[in-house]
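Engineer: Questions regarding the structure given below will be posed in turn.
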There are 4 protein chains.
Amino acid sequence: MSSAATLAGPVGRTRVRVRYAETDQQGVAYHAEFLVWMEIGRTALLRELGFPYDRLETEGLFFAVSEASCRYLGGVRYEEEVEIVTRCRKVQSRAVVFDYEIRVGDRVVATGSTTLIALDADRRPRRIPDPVTRALRGSA
Amino acid sequence: MSSAATLAGPVGRTRVRVRYAETDQQGVAYHAEFLVWMEIGRTALLRELGFPYDRLETEGLFFAVSEASCRYLGGVRYEEEVEIVTRCRKVQSRAVVFDYEIRVGDRVVATGSTTLIALDADRRPRRIPDPVTRALRGSA
Amino acid sequence: MSSAATLAGPVGRTRVRVRYAETDQQGVAYHAEFLVWMEIGRTALLRELGFPYDRLETEGLFFAVSEASCRYLGGVRYEEEVEIVTRCRKVQSRAVVFDYEIRVGDRVVATGSTTLIALDADRRPRRIPDPVTRALRGSA
Amino acid sequence: MSSAATLAGPVGRTRVRVRYAETDQQGVAYHAEFLVWMEIGRTALLRELGFPYDRLETEGLFFAVSEASCRYLGGVRYEEEVEIVTRCRKVQSRAVVFDYEIRVGDRVVATGSTTLIALDADRRPRRIPDPVTRALRGSA
């Protein structure tokens, strides 16, 4: 009964190593860095799907984060290798929702979600082009 | 009928000016910076309440973010002055919830929320000392 | 015998408080943050001189850092108030050199220098407009 | 006639992709990020030499940056792959100097240098252990 638009979409996996610059004086990665990692996750997924985000911007499609949330389940240390699992949960004509699982080895250290809305070069809402929508739905 | 622990607590107001370093190539402040501003908001409130966070850490009380969320309602530009309104929504024995409204002039540009859990120097859960709890509840 | 262009120019003073996000696991502000503070120093000076940098960009004048250096003389801790003293050392037709002293109370914690070159909106070198040059030379 | 301590040491090469978070409103990577990349370069080199920096800290050896400088030769864009070539130029009993070349493809976009001093856990100067010194000199 669920529409194609709400079916779970493609999944991307990418890795980053925790930078010294990302640590704070508690000796773990600062919590705002997880949002940066999520962005690395979704842009890696877009690239894999054939739509590198830098090219989308060149073509006049800008994604702006309209909602972001993160649950932190454990600290991540300098030099640890972090895996970002990104899943496209929902695609609408002007918005996309991504879910994330952030892992260090077998340990899930955070889960999160972001909603992105599509803007044009003047920051006005616009439609996401059909090929991008289809790719994000996994029906390309 | 609501308990003291869930009543809206004290409110803090602080200001930051958007740094060039915080902008991204969309010409607005990068979305993860809002989490940094929320932290500036809550630590300014703690300082005002007589519990500067650096001193709390010295005394063995560490706050770690266990949940964070943000709704973005509009872009914020370089050099704009951002006001962070922080309200302590909930205080439990081992956790605190803060709500935030981020404004530029009359415009609300974001709302958000963070849950912090209390840890000791070894990153084990601990109780928040009573004087801190009372101050955060506004019943000091 | 020295020309106006090389005389020590106006001095600006501004303050920032060390953010938790700026600390690293050594418990001090991460060294790259000092470059961010220097930028806050020079843009505060420009604002004071009547040329807020956001307006300069709107008018087609972009400054890009072509050289930066910093000597670190002591660590700076979370919540410490940092004073950035910015002096315009040299103004040329297409470049400006600023010197910085970064202080915590009476303690000089760093000294630094940056060279900025003037670019147009297409990132090609351009002349700095005379009113800006004069203001930076302190001869406005 | 030059001593082993001043001979050019081992060279490391590592790569990072420019993150959206690293761009600024000029549409290029913010200049302070280059210092972060240099750190990624030298810690990658240390890891390759058998001395991962996280382990050095665990063993009580902390490196603090005492000088950093960078010459910027060209802008770097979002998603570009940046190569950091790190060379250990000089090793003294309590300090190390690294030189860096930052490249995008065939283009050198920056050169830089950092001096690091060795500290103990209380931030007092200390000797660098011989095995580390030897490895950095390429005479391990």
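Chain labels A, B, ... are given in the sequence in which chains occur in the structure tokens; within each chain residues are numbered consecutively from 1, and ligands are likewise numbered from 1 in the order shown.
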Using only C-alpha atoms, which protein or nucleic acid residues come within 8 Å of Leu61 (chain B)? Drop anything in the same chain fewer than 3 positions from it, and give the result as a PyMOL selection string.

Structural biologist: chain B and resi 56-58+118-121+128

Engineer: Please check the contacts: residues of chain C at most 10 Å away from chain A, using only C-alpha atoms, listed as a ChimeraX atom specification.

Structural biologist: /C:20-33,77-78

Engineer: Just write the chosen residues, N, CA and C atoms, as a short mmCIF file (atom, residue, chain, number, x, y, z; two decimals), in the first residue's frame.

Structural biologist:
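Saved result, part-v6.cif, follows:
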```cif
data_model
loop_
_atom_site.label_atom_id
_atom_site.label_comp_id
_atom_site.auth_asym_id
_atom_site.auth_seq_id
_atom_site.Cartn_x
_atom_site.Cartn_y
_atom_site.Cartn_z
N TYR C 20 33.52 25.54 23.13
CA TYR C 20 33.82 24.14 23.37
C TYR C 20 34.19 23.45 22.06
N ALA C 21 33.47 23.81 21.00
CA ALA C 21 33.73 23.23 19.68
C ALA C 21 35.16 23.49 19.21
N GLU C 22 35.80 24.50 19.76
CA GLU C 22 37.14 24.88 19.32
C GLU C 22 38.24 24.12 20.07
N THR C 23 37.87 23.46 21.15
CA THR C 23 38.88 22.72 21.90
C THR C 23 39.20 21.40 21.19
N ASP C 24 40.37 20.85 21.51
CA ASP C 24 40.69 19.52 21.02
C ASP C 24 41.03 18.64 22.22
N GLN C 25 41.43 17.40 21.98
CA GLN C 25 41.61 16.49 23.10
C GLN C 25 42.83 16.79 23.95
N GLN C 26 43.63 17.80 23.55
CA GLN C 26 44.69 18.26 24.46
C GLN C 26 44.13 19.26 25.48
N GLY C 27 42.85 19.59 25.36
CA GLY C 27 42.23 20.47 26.34
C GLY C 27 42.50 21.95 26.09
N VAL C 28 42.95 22.27 24.89
CA VAL C 28 43.18 23.67 24.51
C VAL C 28 42.54 23.93 23.15
N ALA C 29 42.45 25.20 22.78
CA ALA C 29 41.88 25.53 21.47
C ALA C 29 42.77 24.96 20.37
N TYR C 30 42.15 24.34 19.39
CA TYR C 30 42.85 23.72 18.26
C TYR C 30 43.57 24.82 17.47
N HIS C 31 44.79 24.52 17.00
CA HIS C 31 45.62 25.60 16.46
C HIS C 31 45.04 26.29 15.23
N ALA C 32 44.25 25.58 14.42
CA ALA C 32 43.71 26.23 13.22
C ALA C 32 42.67 27.30 13.57
N GLU C 33 42.11 27.22 14.78
CA GLU C 33 41.11 28.23 15.17
C GLU C 33 41.72 29.63 15.26
N ARG C 77 42.43 28.05 26.86
CA ARG C 77 41.47 27.07 27.36
C ARG C 77 40.03 27.48 27.05
N TYR C 78 39.18 26.51 27.05
CA TYR C 78 37.74 26.71 26.92
C TYR C 78 37.26 27.81 27.87
#
```

Engineer: Which neighbours of Ala135 (chain A) fall inside 9 Å, counting only C-alpha atoms, when residues of the same chain fewer than 6 positions from it are skipped, and could you give them as a list in words?

Structural biologist: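 Skipping anything fewer than 6 positions along the chain leaves Gly9, Pro10, Leu46, Leu49, Gly50 and Phe51 of chain A.
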
Engineer: Using only C-alpha atoms, which protein or nucleic acid residues come within 6 Å of region 108-114 of chain A? Drop anything in the same chain fewer than 6 positions from it, and give the result as a PyMOL selection string.

Structural biologist: chain A and resi 67-74+97-102

Engineer: Name the residues in contact with Gly105 (chain D) at a cut-off of 9 Å, using only C-alpha atoms, excluding same-chain residues fewer than 3 positions from it; report them as a list in words.

Structural biologist: Glu81, Val82, Glu83 and Val108 of chain D

Engineer: Could you tell me how far CA of Tyr53 (chain D) lies from CA of Gly41 (chain D), in Å and to one decimal?

Structural biologist: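 Computing the Euclidean distance for CA of Tyr53 (chain D) and CA of Gly41 (chain D) yields 11.8 Å.
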
Engineer: Determine which residues of region 18-95 of chain C receive a DSSP assignment of alpha helix (DSSP H), computed from the backbone, and state them as a list in words.

Structural biologist: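 So the alpha helix (DSSP H) residues in region 18-95 of chain C would be Glu33, Phe34, Leu35, Val36, Trp37, Met38, Glu39, Ile40, Gly41, Arg42, Thr43, Ala44, Leu45, Leu46, Arg47, Glu48, Tyr53, Asp54, Arg55, Leu56, Glu57 and Thr58 of chain C.
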
Engineer: What's the separation between CA of Pro129 (chain A) and CA of Val91 (chain A), in Å to one decimal place?

Structural biologist: 11.5 Å

Engineer: Looking at D:Arg127, D:Arg47, D:Arg107, D:Arg137, which one is nearest to Phe62 (chain D), with distances taken over only C-alpha atoms?

Structural biologist: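 That would be D:Arg127, the residue with the smallest distance to Phe62 (chain D).
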
Engineer: Could you tell me how far CA of Val76 (chain B) lies from CA of Ile117 (chain A), in Å and to one decimal?

Structural biologist: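 Between CA of Val76 (chain B) and CA of Ile117 (chain A) the gap works out to 16.2 Å.
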